[in-house]
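For reference, the structure discussed in these notes is given below.
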Protein chains: 4
Amino acid sequence: RNKGRLLVKCPDQPGIVSAISLYLGEHDANIIESNQYTTDPENGIFFLRMEFECPNLQEKRKKLEKQFLEVAYKFSMEWEINFLYDVKKAAIFVSKELHCLRELLLEWQSGDLMTDVVLVVSNHEECREIVESFNIPFYYIPANKDIRKEVEAKQLQLLKDYEVDLIVLARYMQILTPEFVRAHQAQIINIHHSFLPAFVGANPHKRAFERGVKLIGATAHYVTNDLDEGPIIEQDIIRVDHRDTVEDLKKKGRSVERSVLARGVKWAIEDRLIVHENKTIVL
Amino acid sequence: RNKGRLLVKCPDQPGIVSAISLYLGEHDANIIESNQYTTDPENGIFFLRMEFECPNLQEKRKKLEKQFLEVAYKFSMEWEINFLYDVKKAAIFVSKELHCLRELLLEWQSGDLMTDVVLVVSNHEECREIVESFNIPFYYIPANKDIRKEVEAKQLQLLKDYEVDLIVLARYMQILTPEFVRAHQAQIINIHHSFLPAFVGANPHKRAFERGVKLIGATAHYVTNDLDEGPIIEQDIIRVDHRDTVEDLKKKGRSVERSVLARGVKWAIEDRLIVHENKTIVL
Amino acid sequence: RNKGRLLVKCPDQPGIVSAISLYLGEHDANIIESNQYTTDPENGIFFLRMEFECPNLQEKRKKLEKQFLEVAYKFSMEWEINFLYDVKKAAIFVSKELHCLRELLLEWQSGDLMTDVVLVVSNHEECREIVESFNIPFYYIPANKDIRKEVEAKQLQLLKDYEVDLIVLARYMQILTPEFVRAHQAQIINIHHSFLPAFVGANPHKRAFERGVKLIGATAHYVTNDLDEGPIIEQDIIRVDHRDTVEDLKKKGRSVERSVLARGVKWAIEDRLIVHENKTIVL
Amino acid sequence: RNKGRLLVKCPDQPGIVSAISLYLGEHDANIIESNQYTTDPENGIFFLRMEFECPNLQEKRKKLEKQFLEVAYKFSMEWEINFLYDVKKAAIFVSKELHCLRELLLEWQSGDLMTDVVLVVSNHEECREIVESFNIPFYYIPANKDIRKEVEAKQLQLLKDYEVDLIVLARYMQILTPEFVRAHQAQIINIHHSFLPAFVGANPHKRAFERGVKLIGATAHYVTNDLDEGPIIEQDIIRVDHRDTVEDLKKKGRSVERSVLARGVKWAIEDRLIVHENKTIVL
């Protein structure tokens with residue numbers, strides 16, 4: 001594929017877009033899609049995502065990256081150029097509830113999730129069969145809070161061995177250590193089974209039932225060291241009513257959890273997400 | 001109109017439905033719509049809403065009510081029979097934000113809100129013109145927390161004079177006293193501008209903006225003396241994104257607030273709502 | 001399980017509900033859920049679905065069925081009593097597009113689809129592996145319009161052998177003969193990849209693209225001999241925009257097709273669907 | 001206001017974005033929002049909407065327009081620059097159903113519709129009172145197909161006198177002549193009470209009822225001389241079920257018609273709509 005994506009974050013000022021488009025023009029790159037956002041017309045932060053097509057992209061890669069340094073320097077940019085032939089590598093972490101894992105595997109098998117799912121890690125054996133039926137390596141690593149360090153050491157080694165870009169917590173019910181999280185800023189996506197900030201923490205469906213809400217939801221967010229407080233990527237809801245028991249809420253919740261997580265993961269793979277402070281910019 | 005509605009709440013036991021349908025049959029009433037719900041098949045609470053048509057209903061009213069006492073006694077029912085020719089009377093309380101008031105007035109004018117809006121009360125003059133253009137009595141009662149008692153005394157007198165059945169707080173920004181609320185159990189509907197229990201309290205849009213949510217919502221609920229904790233009647237949400245400022249959230253929020261409140265009020269008018277503990281059963 | 005469901009269709013008249021509730025009371029059956037509908041308060045058709053719980057249901061089955069004959073006769077009812085221990089048996093027919101099949105299998109595996117999927121039939125080999133990984137018998141029956149009769153003879157034999165109650169066309173791209181359809185009235189559910197009646201027939205996504213619609217949809221319906229004209233069970237839509245190519249519409253369409261079909265199939269399994277003329281009553 | 005909007009349509013080729021951003025930079029204009037779209041990376045048509053802020057815009061207007069001619073010429077652009085201080089003028093045409101008119105007036109009064117509603121035209125007197133209560137000139141022009149030419153002559157004169165930019169058919173039940181339509185290409189927005197292309201033509205709710213659909217919708221579209229076939233701007237749907245009569249569908253339809261039309265009109269006012277062949281690009 002001759003497609004690339006440029007992501008930029010810098011202080012807003014006149015001339016950024018023309019500098020970038022001139023730069024891309026000089027390399028015969030054609031802009032396919034372009035999205036930008038400024039936090040504030042006055043002294044704001046500027047964000048850009050450009051998807052471009054460029055003949056012989058693979059050969060030009062080094063040159064492209066090198067020559068962008070000049071533009072980046074001039075505007076004090078944080079930036080990255082991603083090349084679509086370089087498919088992102090994802091790891092999925094899961095515990096006993098398998099609906100999110102299954103959704104991701106099906107979407108991936110249908111070709112609707114353009115990533116390499118390079119491994120699945122679980123603290124339970126429940127999903128081994130389904131994972132292996134997709135010919136994906138499965139690692140069973142029992143976990144509990146007493147052996148957290150050893151567990152994470154194994155996981156970190158695997159993530160390194162497989163050169164993982166993105167970690168998806170598809171209902172993985174273990175807390176990660178601050179060290180683990182810090183080493184993967186804006187790389188770990190979790191699905192929380194409520195529309196945050198409602199029902200932060202455990203048992204959201206039970207608490208939703210007790211409160212008598214008429215909607216339940218799900219939230220895909222980046223993991224930070226504040227539980228359920230990381231930047232929100234995507235949310236959605238489903239209607240419930242007084243007839244629904246806690247079990248019914250869980251069942252209905254599953255369908256929204258899996259679609260919300262799948263959408264969040266797709267946007268991450270398509271380089272649509274930029275984290276800014278405690279929010280996501282979705283371009 | 002020869003239509004009536006029977007609402008029942010009682011301990012569940014065999015024979016309730018057949019006793020009620022026999023009773024209605026004896027009075028030549030035909031069941032048009034029937035909804036029931038039991039909290040639990042074992043020793044649960046049973047709820048029923050039946051809409052029926054009965055020739056010469058107005059003349060039979062007394063007899064119908066009297067003879068139901070026997071059924072009600074046998075099953076220890078809380079119950080009411082409402083007669084559709086007896087249109088419910090509603091009062092709307094509003095402050096400066098008029099979108100919910102306008103929605104209700106338009107729906108009412110279109111004939112989509114089958115109630116008598118008998119008066120509008122406000123602590124501001126902003127809505128006088130629009131209210132009076134609909135030929136509805138408008139009462140301007142300035143309010144603040146220091147004169148709460150006097151204000152409520154005036155309001156209570158008006159509610160009594162107009163024989164009001166339902167009080168709609170259409171963005172009325174004053175807290176009601178426990179006495180006022182206690183005197184109108186399950187009669188006061190408020191619209192809160194968030195999907196509760198997220199963002200309980202003041203300034204939900206500002207806090208939603210700061211948290212970076214991807215959905216904002218609105219909640220219609222019965223007012224109790226726990227702020228924003230009363231039984232939820234209806235909720236809905238609307239998508240927002242990183243581009244939306246606090247002002248944009250308010251603007252988007254308005255459209256969902258007004259439709260959620262209008263739906264909640266309609267259900268109340270149609271006798272679809274039964275409060276049970278801190279929840280609503282919507283039949 | 002001691003649960004049963006009673007489905008009734010008959011001319012509306014006073015006394016039906018009380019007769020049925022008396023009958024259930026006599027057998028110590030407790031009504032758990034009850035839904036009814038009348039097409040018209042005057043001389044309409046009455047529909048009822050009652051879910052009940054009854055101790056020792058299995059032993060009482062014969063007696064229950066026999067004694068209902070009297071009630072049924074009195075009110076000229078079409079009726080059935082279904083017993084939940086008698087799980088419905090479903091066959092899935094599929095061609096090359098597997099997203100709907102996968103959704104059904106996953107829901108079934110999660111326990112969210114309370115049926116026995118007893119076989120999968122396809123005119124292609126693509127899905128053999130996935131079906132067999134779920135330990136479900138797979139039958140490959142090549143098909144085209146010249147050999148329709150022979151193909152259907154094989155299929156009919158399988159449906160008989162497996163005692164199938166429900167046939168789900170999960171993107172099965174072959175037309176069924178009138179004989180086949182007639183033999184399975186209100187037993188064959190198809191998913192059409194548009195919000196019918198828009199884009200009846202082939203290539204709905206291409207035509208949706210050409211028309212420039214802003215929503216695409218999917219429709220689950222019972223199969224009759226009028227192509228795409230059978231009673232609609234469920235529909236839903238998803239937003240699209242000018243950026244979406246025909247391929248994008250297909251991709252987005254998949255997610256709505258699979259959820260609409262899954263919902264329709266669930267309602268069929270839960271005995272919620274009654275066909276009346278060319279419509280479905282969903283109770 | 002120092003804000004302007006540039007709309008461009010031209011054959012795609014490298015260098016367009018950089019030429020435009022250089023041009024804006026030279027006039028000290030800061031890009032606030034930018035959206036673009038290309039029908040095809042190879043020889044496609046390029047569309048752009050840029051919102052910019054520019055000090056002393058009003059004084060620079062002539063110069064800005066003149067100097068853009070050079071850029072426009074180089075890339076064979078169709079283009080326009082709109083200045084936000086130059087508020088668009090809208091006329092609303094309506095017949096007897098007033099819900100869409102009311103929605104637009106309320107949104108306009110809340111400041112959520114940034115246009116001047118300069119007149120309302122109706123072939124009925126029903127809405128005179130409400131229109132005049134908003135202090136908007138109301139013109140009653142009785143209409144039927146026999147006097148179409150005279151009616152349109154009067155209307156055209158009014159549109160000219162009031163310098164109208166946008167005509168909104170808010171349930172105006174008269175057909176316009178080809179001459180009228182031709183004179184207002186991409187200037188007339190109609191609301192159709194179905195999700196087109198389903199139920200083109202008259203009585204969509206009756207036909208939806210007969211077909212037994214589970215969703216009804218509404219479509220805002222530009223008017224062309226092919227009835228209900230013009231470019232679609234926006235669509236939305238609402239759930240219905242077997243209980244809904246034709247009257248219920250009309251009632252439910254109203255709420256979706258008014259919100260769809262309001263959204264479509266807002267996009268037109270914000271210069272977000274570009275018509276291309278028989279589609280709208282919404283930027």
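Note on naming: chains are A, B, ... as they come in the structure tokens, residues start from 1 per chain, ligands start from 1 in the order shown.
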
Please determine the contact residues of chain C with respect to chain B at a cut-off of 8 Å, counting only C-alpha atoms, and supply them as a PDB file with C-alpha atoms, in the first residue's frame.
```pdb
ATOM      1  CA  GLN C  13     -64.985 -10.117  22.765  1.00  0.00           C
ATOM      2  CA  PRO C  14     -65.462  -9.544  26.486  1.00  0.00           C
ATOM      3  CA  GLY C  15     -64.343 -12.287  28.828  1.00  0.00           C
ATOM      4  CA  VAL C  17     -58.724 -12.577  29.619  1.00  0.00           C
ATOM      5  CA  SER C  18     -60.769 -13.658  32.600  1.00  0.00           C
ATOM      6  CA  ALA C  19     -61.451 -17.083  31.058  1.00  0.00           C
ATOM      7  CA  ILE C  20     -57.752 -17.612  30.423  1.00  0.00           C
ATOM      8  CA  SER C  21     -56.665 -16.398  33.833  1.00  0.00           C
ATOM      9  CA  LEU C  22     -59.259 -18.592  35.514  1.00  0.00           C
ATOM     10  CA  GLY C  25     -55.412 -20.387  38.091  1.00  0.00           C
ATOM     11  CA  ASP C  28     -51.855 -23.403  39.799  1.00  0.00           C
ATOM     12  CA  ALA C  29     -50.014 -21.571  37.056  1.00  0.00           C
ATOM     13  CA  ASN C  30     -48.721 -18.121  37.938  1.00  0.00           C
ATOM     14  CA  ILE C  31     -48.678 -15.493  35.175  1.00  0.00           C
ATOM     15  CA  ILE C  32     -45.169 -14.045  34.836  1.00  0.00           C
ATOM     16  CA  GLU C  33     -45.589 -11.856  31.798  1.00  0.00           C
ATOM     17  CA  SER C  34     -48.649 -10.972  29.792  1.00  0.00           C
ATOM     18  CA  ASN C  35     -49.055  -8.956  26.618  1.00  0.00           C
ATOM     19  CA  GLN C  36     -52.149  -8.424  24.567  1.00  0.00           C
ATOM     20  CA  TYR C  37     -53.255  -6.459  21.567  1.00  0.00           C
ATOM     21  CA  THR C  38     -56.501  -5.842  19.768  1.00  0.00           C
ATOM     22  CA  PRO C  41     -61.918  -2.154  19.989  1.00  0.00           C
TER      23      PRO C  41
END
```

Per-residue DSSP, stretch 135-222 of chain C, filtered to alpha helix (DSSP H), as a VMD selection string: chain C and resid 148 to 161 178 to 182 204 to 211

Best match for closeness to A:Gln109 among C:Glu97, C:Asn135, C:Phe180, C:Leu69, counting only C-alpha atoms: C:Glu97

Selection near D:Glu179, 10 Å with only C-alpha atoms, sequence-local residues under 2 positions removed, as JSON, numbers by chain: {"D": [149, 152, 176, 177, 181, 182, 183, 184, 225]}

Test item: residues at most 8 Å from stretch 119-124 of chain D, only C-alpha atoms, excluding those fewer than 5 positions along its chain, as a ChimeraX atom specification: /D:90-96,131,136-143,155,162,172

Pick from C:Gln235, C:Ser194, C:Thr115, C:Thr219, whichever lies nearest to C:Arg207 using only C-alpha atoms: C:Ser194

Which of stretch 169-276 of chain B fall in strand (DSSP E), as an MDAnalysis selection string: chainID B and resid 169 188:192 215:222 232:239 273:276

12 Å contact set for C:Val246, only C-alpha atoms, chain neighbours under 4 positions out, as number ranges by chain: C: 203-213, 216, 240-242, 250-253

Contact residues around D:Phe134 with only C-alpha atoms at 12 Å, ignoring same-chain residues under 3 positions, as a PyMOL selection string: (chain B and resi 129-130+133) or (chain D and resi 101-102+104-110+117-120+127-131+137-138)

For atom CA of D:Leu273 and atom CA of D:Asp116, the interatomic separation in Å (one decimal): 18.5 Å

Among listed residues B:Phe75, B:Glu257, B:Ile81, B:Val200, nearest B:Lys63 (using only C-alpha atoms):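 The answer is B:Ile81, which sits nearest to B:Lys63.
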
Env of stretch 263-268 of chain C: 10 Å cut, atoms = only C-alpha atoms, seq-sep filter 3 positions within chain, self excluded. Answer as an mmCIF file with N, CA, C and O atoms, in the first residue's frame.
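Saved to part.cif:
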```cif
data_model
loop_
_atom_site.group_PDB
_atom_site.id
_atom_site.type_symbol
_atom_site.label_atom_id
_atom_site.label_comp_id
_atom_site.auth_asym_id
_atom_site.auth_seq_id
_atom_site.Cartn_x
_atom_site.Cartn_y
_atom_site.Cartn_z
ATOM 1 N N LYS C 88 -36.624 -24.982 21.156
ATOM 2 C CA LYS C 88 -36.838 -24.884 19.704
ATOM 3 C C LYS C 88 -35.567 -25.283 18.957
ATOM 4 O O LYS C 88 -34.470 -25.006 19.401
ATOM 5 N N ALA C 90 -33.323 -24.899 15.535
ATOM 6 C CA ALA C 90 -33.136 -23.977 14.415
ATOM 7 C C ALA C 90 -32.104 -24.494 13.416
ATOM 8 O O ALA C 90 -31.103 -25.111 13.800
ATOM 9 N N LEU C 104 -24.908 -15.170 15.097
ATOM 10 C CA LEU C 104 -25.841 -16.122 15.699
ATOM 11 C C LEU C 104 -25.095 -17.188 16.496
ATOM 12 O O LEU C 104 -25.500 -17.549 17.601
ATOM 13 N N GLU C 107 -23.764 -15.587 19.781
ATOM 14 C CA GLU C 107 -24.854 -15.342 20.728
ATOM 15 C C GLU C 107 -25.319 -16.664 21.325
ATOM 16 O O GLU C 107 -25.656 -16.751 22.497
ATOM 17 N N ASP C 112 -27.008 -16.509 24.933
ATOM 18 C CA ASP C 112 -27.964 -15.421 24.729
ATOM 19 C C ASP C 112 -29.005 -15.761 23.665
ATOM 20 O O ASP C 112 -29.877 -14.943 23.373
ATOM 21 N N LEU C 113 -28.919 -16.940 23.094
ATOM 22 C CA LEU C 113 -29.881 -17.364 22.069
ATOM 23 C C LEU C 113 -30.362 -18.748 22.492
ATOM 24 O O LEU C 113 -29.688 -19.752 22.287
ATOM 25 N N MET C 114 -31.534 -18.779 23.129
ATOM 26 C CA MET C 114 -31.981 -20.004 23.787
ATOM 27 C C MET C 114 -32.623 -20.988 22.810
ATOM 28 O O MET C 114 -33.820 -21.262 22.855
ATOM 29 N N THR C 115 -31.813 -21.506 21.917
ATOM 30 C CA THR C 115 -32.324 -22.461 20.946
ATOM 31 C C THR C 115 -31.259 -23.521 20.729
ATOM 32 O O THR C 115 -30.120 -23.366 21.146
ATOM 33 N N LEU C 166 -37.450 -23.757 13.078
ATOM 34 C CA LEU C 166 -37.187 -22.398 12.615
ATOM 35 C C LEU C 166 -36.019 -22.427 11.633
ATOM 36 O O LEU C 166 -34.972 -23.000 11.930
ATOM 37 N N ILE C 167 -36.217 -21.798 10.475
ATOM 38 C CA ILE C 167 -35.160 -21.729 9.463
ATOM 39 C C ILE C 167 -34.706 -20.283 9.340
ATOM 40 O O ILE C 167 -35.515 -19.396 9.083
ATOM 41 N N VAL C 168 -33.408 -20.070 9.531
ATOM 42 C CA VAL C 168 -32.888 -18.708 9.470
ATOM 43 C C VAL C 168 -32.026 -18.558 8.224
ATOM 44 O O VAL C 168 -31.017 -19.252 8.081
ATOM 45 N N ALA C 186 -44.416 -18.798 8.227
ATOM 46 C CA ALA C 186 -43.994 -18.145 9.472
ATOM 47 C C ALA C 186 -42.923 -18.953 10.208
ATOM 48 O O ALA C 186 -42.843 -18.967 11.431
ATOM 49 N N GLN C 187 -42.121 -19.669 9.419
ATOM 50 C CA GLN C 187 -41.026 -20.438 10.015
ATOM 51 C C GLN C 187 -39.672 -20.046 9.431
ATOM 52 O O GLN C 187 -38.640 -20.492 9.910
ATOM 53 N N ILE C 188 -39.694 -19.276 8.343
ATOM 54 C CA ILE C 188 -38.436 -18.904 7.690
ATOM 55 C C ILE C 188 -38.199 -17.408 7.888
ATOM 56 O O ILE C 188 -38.989 -16.577 7.454
ATOM 57 N N ILE C 189 -37.096 -17.079 8.544
ATOM 58 C CA ILE C 189 -36.738 -15.671 8.751
ATOM 59 C C ILE C 189 -35.563 -15.321 7.850
ATOM 60 O O ILE C 189 -34.553 -16.011 7.840
ATOM 61 N N ASN C 190 -35.722 -14.248 7.098
ATOM 62 C CA ASN C 190 -34.659 -13.781 6.214
ATOM 63 C C ASN C 190 -34.166 -12.422 6.696
ATOM 64 O O ASN C 190 -34.907 -11.668 7.318
ATOM 65 N N ILE C 191 -32.907 -12.118 6.375
ATOM 66 C CA ILE C 191 -32.403 -10.765 6.620
ATOM 67 C C ILE C 191 -32.191 -10.096 5.269
ATOM 68 O O ILE C 191 -31.491 -10.637 4.403
ATOM 69 N N THR C 219 -33.478 -5.356 7.411
ATOM 70 C CA THR C 219 -34.832 -5.777 7.745
ATOM 71 C C THR C 219 -34.885 -7.291 7.926
ATOM 72 O O THR C 219 -34.515 -8.027 7.014
ATOM 73 N N ALA C 220 -35.316 -7.729 9.088
ATOM 74 C CA ALA C 220 -35.586 -9.155 9.283
ATOM 75 C C ALA C 220 -37.068 -9.370 9.006
ATOM 76 O O ALA C 220 -37.905 -8.628 9.525
ATOM 77 N N HIS C 221 -37.382 -10.348 8.166
ATOM 78 C CA HIS C 221 -38.799 -10.564 7.820
ATOM 79 C C HIS C 221 -39.059 -12.043 7.573
ATOM 80 O O HIS C 221 -38.142 -12.804 7.264
ATOM 81 N N TYR C 222 -40.305 -12.410 7.725
ATOM 82 C CA TYR C 222 -40.689 -13.762 7.362
ATOM 83 C C TYR C 222 -40.716 -13.879 5.850
ATOM 84 O O TYR C 222 -41.102 -12.938 5.143
ATOM 85 N N ILE C 232 -42.709 -7.906 8.153
ATOM 86 C CA ILE C 232 -41.477 -7.376 8.733
ATOM 87 C C ILE C 232 -41.449 -7.657 10.232
ATOM 88 O O ILE C 232 -42.419 -7.392 10.947
ATOM 89 N N ILE C 233 -40.336 -8.190 10.701
ATOM 90 C CA ILE C 233 -40.173 -8.515 12.129
ATOM 91 C C ILE C 233 -39.437 -7.396 12.848
ATOM 92 O O ILE C 233 -39.832 -6.945 13.916
ATOM 93 N N GLU C 234 -38.334 -6.943 12.258
ATOM 94 C CA GLU C 234 -37.513 -5.931 12.921
ATOM 95 C C GLU C 234 -36.683 -5.202 11.876
ATOM 96 O O GLU C 234 -36.325 -5.764 10.836
ATOM 97 N N GLN C 235 -36.402 -3.940 12.155
ATOM 98 C CA GLN C 235 -35.577 -3.129 11.260
ATOM 99 C C GLN C 235 -34.693 -2.231 12.089
ATOM 100 O O GLN C 235 -35.022 -1.871 13.208
ATOM 101 N N ARG C 258 -26.464 -7.985 11.213
ATOM 102 C CA ARG C 258 -26.333 -9.064 12.183
ATOM 103 C C ARG C 258 -27.100 -8.786 13.460
ATOM 104 O O ARG C 258 -27.713 -9.698 14.026
ATOM 105 N N SER C 259 -27.162 -7.534 13.892
ATOM 106 C CA SER C 259 -27.909 -7.296 15.127
ATOM 107 C C SER C 259 -29.420 -7.374 14.889
ATOM 108 O O SER C 259 -30.161 -7.870 15.730
ATOM 109 N N VAL C 260 -29.884 -6.909 13.738
ATOM 110 C CA VAL C 260 -31.317 -6.995 13.433
ATOM 111 C C VAL C 260 -31.748 -8.450 13.308
ATOM 112 O O VAL C 260 -32.778 -8.858 13.864
ATOM 113 N N ASP C 271 -41.200 -16.878 21.337
ATOM 114 C CA ASP C 271 -42.636 -16.902 20.986
ATOM 115 C C ASP C 271 -43.279 -15.526 21.072
ATOM 116 O O ASP C 271 -44.430 -15.384 21.486
ATOM 117 N N ARG C 272 -42.527 -14.494 20.691
ATOM 118 C CA ARG C 272 -43.082 -13.140 20.754
ATOM 119 C C ARG C 272 -43.768 -12.716 19.466
ATOM 120 O O ARG C 272 -44.388 -11.657 19.404
ATOM 121 N N LEU C 273 -43.629 -13.499 18.410
ATOM 122 C CA LEU C 273 -44.082 -13.078 17.087
ATOM 123 C C LEU C 273 -45.361 -13.797 16.680
ATOM 124 O O LEU C 273 -45.423 -15.029 16.700
ATOM 125 N N ILE C 274 -46.378 -13.023 16.322
ATOM 126 C CA ILE C 274 -47.576 -13.593 15.723
ATOM 127 C C ILE C 274 -47.772 -12.904 14.384
ATOM 128 O O ILE C 274 -47.711 -11.671 14.308
ATOM 129 N N VAL C 282 -45.624 -8.076 17.675
ATOM 130 C CA VAL C 282 -44.481 -8.451 18.524
ATOM 131 C C VAL C 282 -44.899 -8.268 19.980
ATOM 132 O O VAL C 282 -45.020 -7.138 20.451
ATOM 133 N N LEU C 283 -45.174 -9.365 20.672
ATOM 134 C CA LEU C 283 -45.714 -9.266 22.039
ATOM 135 C C LEU C 283 -44.648 -9.591 23.091
ATOM 136 O O LEU C 283 -43.620 -10.127 22.787
#
```

Two-atom distance - atom CA of D:Cys100, atom CA of D:Arg171 (Å): 7.0 Å
